[in-house]
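Structure file data-v6.cif; described as mmCIF, C-alpha atoms and all ligand atoms.
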```cif
data_target
loop_
_atom_site.group_PDB
_atom_site.id
_atom_site.type_symbol
_atom_site.label_atom_id
_atom_site.label_comp_id
_atom_site.auth_asym_id
_atom_site.auth_seq_id
_atom_site.Cartn_x
_atom_site.Cartn_y
_atom_site.Cartn_z
ATOM 1 C CA MET F 1199 0.000 0.000 0.000
ATOM 2 C CA ALA F 1200 1.696 3.154 -1.179
ATOM 3 C CA LEU F 1201 1.308 6.216 0.991
ATOM 4 C CA SER F 1202 0.991 9.555 -0.690
ATOM 5 C CA THR F 1203 2.208 12.949 0.393
ATOM 6 C CA GLY F 1204 -1.244 14.439 0.033
ATOM 7 C CA SER F 1205 -0.068 17.718 -1.414
ATOM 8 C CA ASN F 1206 -1.858 17.591 -4.765
ATOM 9 C CA LYS F 1207 -5.033 15.974 -3.515
ATOM 10 C CA ILE F 1208 -8.521 17.420 -3.149
ATOM 11 C CA LYS F 1209 -8.700 18.951 0.307
ATOM 12 C CA THR F 1210 -11.643 17.349 2.031
ATOM 13 C CA ALA F 1211 -13.677 17.938 5.182
ATOM 14 C CA VAL F 1212 -15.604 15.044 6.716
ATOM 15 C CA PHE F 1213 -18.718 15.896 8.738
ATOM 16 C CA ILE F 1214 -19.764 13.418 11.435
ATOM 17 C CA SER F 1215 -22.151 13.175 14.383
ATOM 18 C CA GLY F 1216 -21.688 9.651 15.715
ATOM 19 C CA SER F 1217 -19.353 6.684 15.754
ATOM 20 C CA GLY F 1218 -17.370 7.746 12.704
ATOM 21 C CA SER F 1219 -16.722 4.328 11.197
ATOM 22 C CA ASN F 1220 -17.145 5.789 7.700
ATOM 23 C CA LEU F 1221 -14.746 8.565 8.660
ATOM 24 C CA ASN F 1222 -12.213 5.914 9.681
ATOM 25 C CA SER F 1223 -12.548 4.109 6.362
ATOM 26 C CA LEU F 1224 -12.283 7.391 4.434
ATOM 27 C CA ILE F 1225 -9.125 8.388 6.312
ATOM 28 C CA LYS F 1226 -7.520 5.020 5.576
ATOM 29 C CA PHE F 1227 -8.505 5.341 1.934
ATOM 30 C CA SER F 1228 -7.184 8.907 1.744
ATOM 31 C CA LYS F 1229 -3.727 7.660 2.678
ATOM 32 C CA LEU F 1230 -3.496 5.373 -0.338
ATOM 33 C CA LYS F 1231 -1.611 6.634 -3.353
ATOM 34 C CA LYS F 1232 -4.659 6.091 -5.581
ATOM 35 C CA SER F 1233 -6.854 8.319 -3.431
ATOM 36 C CA PRO F 1234 -7.715 11.653 -5.054
ATOM 37 C CA ILE F 1235 -8.557 13.183 -1.649
ATOM 38 C CA SER F 1236 -6.765 14.167 1.514
ATOM 39 C CA ILE F 1237 -8.739 14.646 4.725
ATOM 40 C CA ASP F 1238 -7.795 17.937 6.280
ATOM 41 C CA ILE F 1239 -10.499 18.586 8.837
ATOM 42 C CA ILE F 1240 -13.235 16.773 10.743
ATOM 43 C CA ILE F 1241 -16.354 18.759 11.560
ATOM 44 C CA THR F 1242 -19.008 17.753 14.069
ATOM 45 C CA ASN F 1243 -22.084 19.171 15.765
ATOM 46 C CA ASN F 1244 -21.679 16.676 18.589
ATOM 47 C CA PRO F 1245 -18.872 17.047 21.133
ATOM 48 C CA LYS F 1246 -19.593 13.471 22.285
ATOM 49 C CA SER F 1247 -19.201 12.009 18.808
ATOM 50 C CA LYS F 1248 -17.108 8.865 19.200
ATOM 51 C CA GLY F 1249 -15.637 9.440 15.754
ATOM 52 C CA LEU F 1250 -13.692 12.428 17.045
ATOM 53 C CA LYS F 1251 -11.105 9.981 18.351
ATOM 54 C CA PHE F 1252 -9.968 9.380 14.781
ATOM 55 C CA GLY F 1253 -8.855 13.006 14.623
ATOM 56 C CA LYS F 1254 -6.463 12.240 17.440
ATOM 57 C CA VAL F 1255 -5.301 8.897 16.062
ATOM 58 C CA PHE F 1256 -4.555 10.298 12.598
ATOM 59 C CA LYS F 1257 -3.586 13.805 13.708
ATOM 60 C CA ILE F 1258 -6.330 15.521 11.754
ATOM 61 C CA LYS F 1259 -7.707 18.827 12.972
ATOM 62 C CA LYS F 1260 -11.239 18.597 14.377
ATOM 63 C CA LYS F 1261 -13.756 21.305 15.113
ATOM 64 C CA ILE F 1262 -17.031 21.220 17.024
ATOM 65 C CA PHE F 1263 -19.859 23.608 16.104
ATOM 66 C CA ASN F 1264 -22.983 24.238 18.153
ATOM 67 C CA PHE F 1265 -26.003 23.877 15.883
ATOM 68 C CA LYS F 1266 -28.415 25.452 18.382
ATOM 69 C CA LYS F 1267 -27.843 28.534 16.258
ATOM 70 C CA LYS F 1268 -27.688 26.815 12.900
ATOM 71 C CA ASN F 1269 -27.156 29.941 10.765
ATOM 72 C CA LEU F 1270 -24.240 31.015 12.867
ATOM 73 C CA ALA F 1271 -22.757 27.504 12.975
ATOM 74 C CA GLU F 1272 -22.937 27.255 9.188
ATOM 75 C CA LYS F 1273 -21.315 30.661 8.733
ATOM 76 C CA GLN F 1274 -18.506 29.667 11.066
ATOM 77 C CA ILE F 1275 -18.038 26.356 9.271
ATOM 78 C CA LEU F 1276 -17.916 28.055 5.854
ATOM 79 C CA PHE F 1277 -15.325 30.490 7.164
ATOM 80 C CA GLU F 1278 -13.196 27.625 8.476
ATOM 81 C CA LEU F 1279 -13.516 25.590 5.277
ATOM 82 C CA LYS F 1280 -12.573 28.551 3.055
ATOM 83 C CA ARG F 1281 -9.653 29.327 5.350
ATOM 84 C CA LYS F 1282 -8.391 25.774 4.980
ATOM 85 C CA LYS F 1283 -9.070 25.807 1.204
ATOM 86 C CA ILE F 1284 -11.388 22.826 1.474
ATOM 87 C CA ASN F 1285 -12.816 21.745 -1.870
ATOM 88 C CA LEU F 1286 -14.937 18.762 -0.974
ATOM 89 C CA ILE F 1287 -17.266 17.859 1.884
ATOM 90 C CA CYS F 1288 -18.057 14.229 2.705
ATOM 91 C CA LEU F 1289 -21.022 13.826 5.026
ATOM 92 C CA ALA F 1290 -20.598 10.605 6.983
ATOM 93 C CA GLY F 1291 -23.344 10.126 9.530
ATOM 94 C CA PHE F 1292 -23.823 13.879 9.958
ATOM 95 C CA MET F 1293 -27.222 14.266 11.614
ATOM 96 C CA LYS F 1294 -27.940 17.921 10.801
ATOM 97 C CA ILE F 1295 -29.635 19.115 7.638
ATOM 98 C CA LEU F 1296 -27.534 21.751 5.906
ATOM 99 C CA SER F 1297 -29.314 24.876 4.636
ATOM 100 C CA LYS F 1298 -29.788 25.732 0.953
ATOM 101 C CA THR F 1299 -27.398 28.639 1.361
ATOM 102 C CA PHE F 1300 -24.690 26.402 2.747
ATOM 103 C CA ILE F 1301 -25.161 23.834 -0.011
ATOM 104 C CA LYS F 1302 -25.024 26.587 -2.655
ATOM 105 C CA ASN F 1303 -21.633 27.607 -1.313
ATOM 106 C CA PHE F 1304 -20.317 24.115 -2.031
ATOM 107 C CA SER F 1305 -22.450 23.385 -5.052
ATOM 108 C CA GLY F 1306 -21.624 19.963 -6.529
ATOM 109 C CA LYS F 1307 -18.948 19.451 -3.904
ATOM 110 C CA ILE F 1308 -20.867 17.748 -1.109
ATOM 111 C CA LEU F 1309 -21.273 13.971 -0.976
ATOM 112 C CA ASN F 1310 -23.348 11.894 1.429
ATOM 113 C CA ILE F 1311 -23.707 8.233 2.301
ATOM 114 C CA HIS F 1312 -27.165 6.966 3.127
ATOM 115 C CA PRO F 1313 -28.056 3.516 4.510
ATOM 116 C CA SER F 1314 -30.743 2.527 2.012
ATOM 117 C CA LEU F 1315 -31.197 2.016 -1.697
ATOM 118 C CA LEU F 1316 -32.343 5.536 -2.521
ATOM 119 C CA PRO F 1317 -34.858 6.757 -3.577
ATOM 120 C CA LYS F 1318 -36.313 4.213 -1.144
ATOM 121 C CA PHE F 1319 -36.312 5.112 2.550
ATOM 122 C CA LYS F 1320 -35.047 8.656 2.676
ATOM 123 C CA GLY F 1321 -34.536 10.086 6.156
ATOM 124 C CA LEU F 1322 -34.157 8.158 9.411
ATOM 125 C CA ASN F 1323 -34.801 4.595 10.651
ATOM 126 C CA THR F 1324 -34.135 3.108 7.229
ATOM 127 C CA HIS F 1325 -33.479 -0.451 8.426
ATOM 128 C CA GLU F 1326 -36.676 -0.688 10.499
ATOM 129 C CA ARG F 1327 -38.692 0.635 7.590
ATOM 130 C CA ALA F 1328 -37.079 -1.675 5.019
ATOM 131 C CA ILE F 1329 -37.791 -4.757 7.184
ATOM 132 C CA LYS F 1330 -41.347 -3.636 8.001
ATOM 133 C CA ASN F 1331 -41.999 -3.093 4.322
ATOM 134 C CA LYS F 1332 -40.911 -6.701 3.661
ATOM 135 C CA GLU F 1333 -38.210 -5.612 1.236
ATOM 136 C CA LYS F 1334 -36.047 -8.409 -0.163
ATOM 137 C CA TYR F 1335 -33.047 -6.104 -0.417
ATOM 138 C CA SER F 1336 -31.668 -2.998 1.139
ATOM 139 C CA GLY F 1337 -28.236 -1.422 0.884
ATOM 140 C CA CYS F 1338 -26.443 1.884 0.774
ATOM 141 C CA THR F 1339 -26.102 4.829 -1.559
ATOM 142 C CA VAL F 1340 -23.463 7.499 -2.103
ATOM 143 C CA HIS F 1341 -24.943 10.600 -3.699
ATOM 144 C CA PHE F 1342 -24.357 14.276 -4.324
ATOM 145 C CA VAL F 1343 -26.118 16.516 -1.821
ATOM 146 C CA SER F 1344 -28.814 18.784 -3.199
ATOM 147 C CA SER F 1345 -31.171 21.055 -1.290
ATOM 148 C CA LYS F 1346 -33.778 18.255 -1.145
ATOM 149 C CA LEU F 1347 -33.046 15.688 1.567
ATOM 150 C CA ASP F 1348 -31.414 12.448 0.302
ATOM 151 C CA SER F 1349 -32.417 13.305 -3.269
ATOM 152 C CA GLY F 1350 -29.244 14.418 -5.082
ATOM 153 C CA LYS F 1351 -27.728 12.555 -8.035
ATOM 154 C CA ILE F 1352 -26.751 8.986 -7.159
ATOM 155 C CA ILE F 1353 -23.097 8.050 -7.662
ATOM 156 C CA LEU F 1354 -23.022 4.399 -6.539
ATOM 157 C CA GLN F 1355 -25.181 1.899 -4.680
ATOM 158 C CA LYS F 1356 -24.567 -1.496 -3.095
ATOM 159 C CA LYS F 1357 -27.341 -4.016 -2.510
ATOM 160 C CA VAL F 1358 -27.538 -6.492 0.376
ATOM 161 C CA ILE F 1359 -30.084 -9.268 0.941
ATOM 162 C CA ILE F 1360 -32.537 -8.957 3.820
ATOM 163 C CA ASN F 1361 -32.803 -12.386 5.477
ATOM 164 C CA LYS F 1362 -35.981 -13.746 7.063
ATOM 165 C CA SER F 1363 -34.486 -13.412 10.563
ATOM 166 C CA GLU F 1364 -33.037 -9.927 9.932
ATOM 167 C CA THR F 1365 -33.353 -7.261 12.651
ATOM 168 C CA PRO F 1366 -32.645 -3.558 12.166
ATOM 169 C CA LYS F 1367 -29.426 -4.131 14.102
ATOM 170 C CA THR F 1368 -28.117 -7.026 12.003
ATOM 171 C CA LEU F 1369 -29.122 -5.268 8.802
ATOM 172 C CA GLY F 1370 -27.435 -2.052 9.939
ATOM 173 C CA LYS F 1371 -24.200 -3.918 10.651
ATOM 174 C CA LYS F 1372 -24.278 -5.691 7.311
ATOM 175 C CA ILE F 1373 -24.882 -2.458 5.433
ATOM 176 C CA LEU F 1374 -22.227 -0.539 7.348
ATOM 177 C CA ILE F 1375 -19.569 -3.019 6.186
ATOM 178 C CA GLN F 1376 -20.603 -2.248 2.615
ATOM 179 C CA GLU F 1377 -20.666 1.505 3.272
ATOM 180 C CA HIS F 1378 -16.992 1.393 4.203
ATOM 181 C CA LYS F 1379 -16.158 0.040 0.749
ATOM 182 C CA LEU F 1380 -18.722 2.032 -1.220
ATOM 183 C CA TYR F 1381 -17.726 5.558 -0.127
ATOM 184 C CA PRO F 1382 -14.110 5.255 -1.325
ATOM 185 C CA ARG F 1383 -15.285 3.623 -4.571
ATOM 186 C CA ALA F 1384 -17.720 6.463 -5.188
ATOM 187 C CA ILE F 1385 -14.989 9.044 -4.615
ATOM 188 C CA LEU F 1386 -12.742 7.236 -7.069
ATOM 189 C CA LYS F 1387 -15.585 7.177 -9.587
ATOM 190 C CA VAL F 1388 -16.139 10.917 -9.396
ATOM 191 C CA PHE F 1389 -12.640 12.276 -8.851
ATOM 192 C CA SER F 1390 -10.202 9.726 -10.246
ATOM 193 C CA LEU F 1391 -6.962 11.503 -11.148
HETATM 194 C C1 LIG F 1401 -24.169 5.264 8.460
HETATM 195 O O1 LIG F 1401 -25.057 4.188 8.372
HETATM 196 C C2 LIG F 1401 -24.485 6.299 7.393
HETATM 197 O O2 LIG F 1401 -24.950 5.746 6.203
HETATM 198 C C3 LIG F 1401 -25.576 7.093 8.054
HETATM 199 O O3 LIG F 1401 -25.186 7.176 9.400
HETATM 200 C C4 LIG F 1401 -24.345 6.057 9.739
HETATM 201 C C5 LIG F 1401 -23.070 6.619 10.267
HETATM 202 O O4 LIG F 1401 -22.211 5.626 10.781
HETATM 203 N N1 LIG F 1401 -25.786 8.352 7.373
HETATM 204 P P1 LIG F 1401 -20.723 6.005 11.172
HETATM 205 O O5 LIG F 1401 -20.796 7.212 12.103
HETATM 206 O O6 LIG F 1401 -19.957 6.298 9.933
HETATM 207 O O7 LIG F 1401 -20.193 4.775 11.899
#
```
Turn this file's structure into structure tokens for me.
Ligand code: GRF
Amino acid sequence: MALSTGSNKIKTAVFISGSGSNLNSLIKFSKLKKSPISIDIIITNNPKSKGLKFGKVFKIKKKIFNFKKKNLAEKQILFELKRKKINLICLAGFMKILSKTFIKNFSGKILNIHPSLLPKFKGLNTHERAIKNKEKYSGCTVHFVSSKLDSGKIILQKKVIINKSETPKTLGKKILIQEHKLYPRAILKVFSL
């Protein structure tokens, strides 16, 4: 596995709110020579986000923003991202909905990973809803972020089978494993050097 210097790569910010397992997989990917991105900052709305530990492990700057005042938080984030010359945002389990104005500022440069086969099951509790609906398959989707929730152009999807005995927890675990592979693949698809 060749490590790259990161100097000519797309400067990327990853936004998280929770455990950050996708962040971890993106950081590992970013260190490969073939990766078109470097991860330069981690942004969260949640000071208790477990994923923040990866900032420490990999020595990546992290910043916490209080979304109680969303407009202000977004302004501060934009300022920070411009200051760091960030060119791409990867949302990875970020639980806040970004405003139209924010998205406009990074038009075509925000990606998201969602744990369902979009356009099915937008929003929350995707695994519960997929099982309840007696779906045979679910999966994950990497897509561009547009101002409509979970509705931007799809880049890549990965299907998994829903077994008879599946619970939201087992399905979530199964899909998460696929998410860790899909996000890097989607980035390669869009930004391959
Ligand atoms: C993932 O299932 C992602 O698709 C969804 O939130 C979860 C985040 O998991 N948007 P993690 O924080 O990356 O472990």
Enclose the full set of atoms of ligand LIG 1401 (chain F) listed in the file within a box whose edges lie along x, y and z, apply 3 Å of padding to each of the six sides, and report centre and edge lengths in Å to one decimal as JSON.
```
{"center_x": -22.9, "center_y": 6.3, "center_z": 9.2, "size_x": 11.8, "size_y": 10.2, "size_z": 11.9}
```
query: Between CA of Ile1262 in chain F and CA of Ser1219 in chain F, what is the distance, to one decimal in Å?
result: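 Computed distance, CA of Ile1262 in chain F to CA of Ser1219 in chain F, equals 17.9 Å.
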query: Within 8 Å of ligand LIG 1401 (chain F), counting only C-alpha atoms and all ligand atoms, which protein or nucleic acid residues do you find, written as a list in words?
result: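 If we count only C-alpha atoms and all ligand atoms, the neighbours of ligand LIG 1401 (chain F) turn out to be Ile1214, Ser1215, Gly1216, Ser1217, Gly1218, Ser1219, Asn1220, Leu1221, Asn1222, Gly1249, Leu1289, Ala1290, Gly1291, Phe1292, Met1293, Asn1310, Ile1311, His1312, Pro1313, Ser1314, Cys1338, Thr1339, Gly1370, Ile1373, Leu1374 and Glu1377 of chain F.
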- request: Compute the distance from (-7.9, 7.4, 4.5) to each atom, counting only C-alpha atoms, keep the residues with any atom at most 10 Å away, and return them as a VMD selection string; use the coordinates of the file.
  value: chain F and resid 1201 1220 to 1230 1233 1235 to 1237 1256 1382
field: Given only C-alpha atoms as the counted atoms, nearest of F:Ser1363, F:Asn1269, F:Ser1305, F:Asn1285 to Val1212 in chain F
entry: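 Ranking F:Ser1363, F:Asn1269, F:Ser1305, F:Asn1285 by distance to Val1212 in chain F, first place goes to F:Asn1285.
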- request: Apply the PyMOL selection byres (((chain F and resi 1238) around 10) and not hetatm) to the file shown and report the selected residues as a count of residues only.
  value: 21
task: Could you check which of F:Ala1328, F:Leu1276, F:Leu1316, F:Leu1380 is closest to Gly1350 in chain F, using only C-alpha atoms?
output: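 Nearest to Gly1350 in chain F: F:Leu1316.
We find CA of Ser1345 in chain F and CA of Ile1301 in chain F to be spaced 6.7 Å apart.
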message: So, with all atoms listed in the file as the atoms that count, which of F:Ser1344, F:Lys1267, F:Gly1337, F:Thr1324 lies closest to Lys1302 in chain F?
response: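 Ranking F:Ser1344, F:Lys1267, F:Gly1337, F:Thr1324 by distance to Lys1302 in chain F, first place goes to F:Ser1344.
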query: For this file, the PyMOL selection byres (((chain F and resi 1244) around 8) and not hetatm) selects which residues, as a ChimeraX atom specification?
result: /F:1215-1216,1242-1243,1245-1247,1262-1264
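For the set F:Arg1383, F:Thr1365, F:Val1343, F:Lys1334, the residue with the smallest atom-to-atom gap to Leu1296 in chain F is F:Val1343, counting all atoms listed in the file.
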query: Between F:Leu1354, F:Ile1360, F:Val1388, F:Leu1369, which is the closest to Gly1306 in chain F once you count all atoms listed in the file?
result: F:Val1388
- request: May I ask which of the residues F:Ser1205, F:Ser1390, F:Ser1336, F:Gln1355 is the closest one to Lys1372 in chain F, counting all atoms listed in the file?
  value: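 Nearest to Lys1372 in chain F: F:Ser1336.
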field: Distance in Å - CA of Lys1351 in chain F versus CA of Lys1330 in chain F
entry: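 The value is 26.5 Å.
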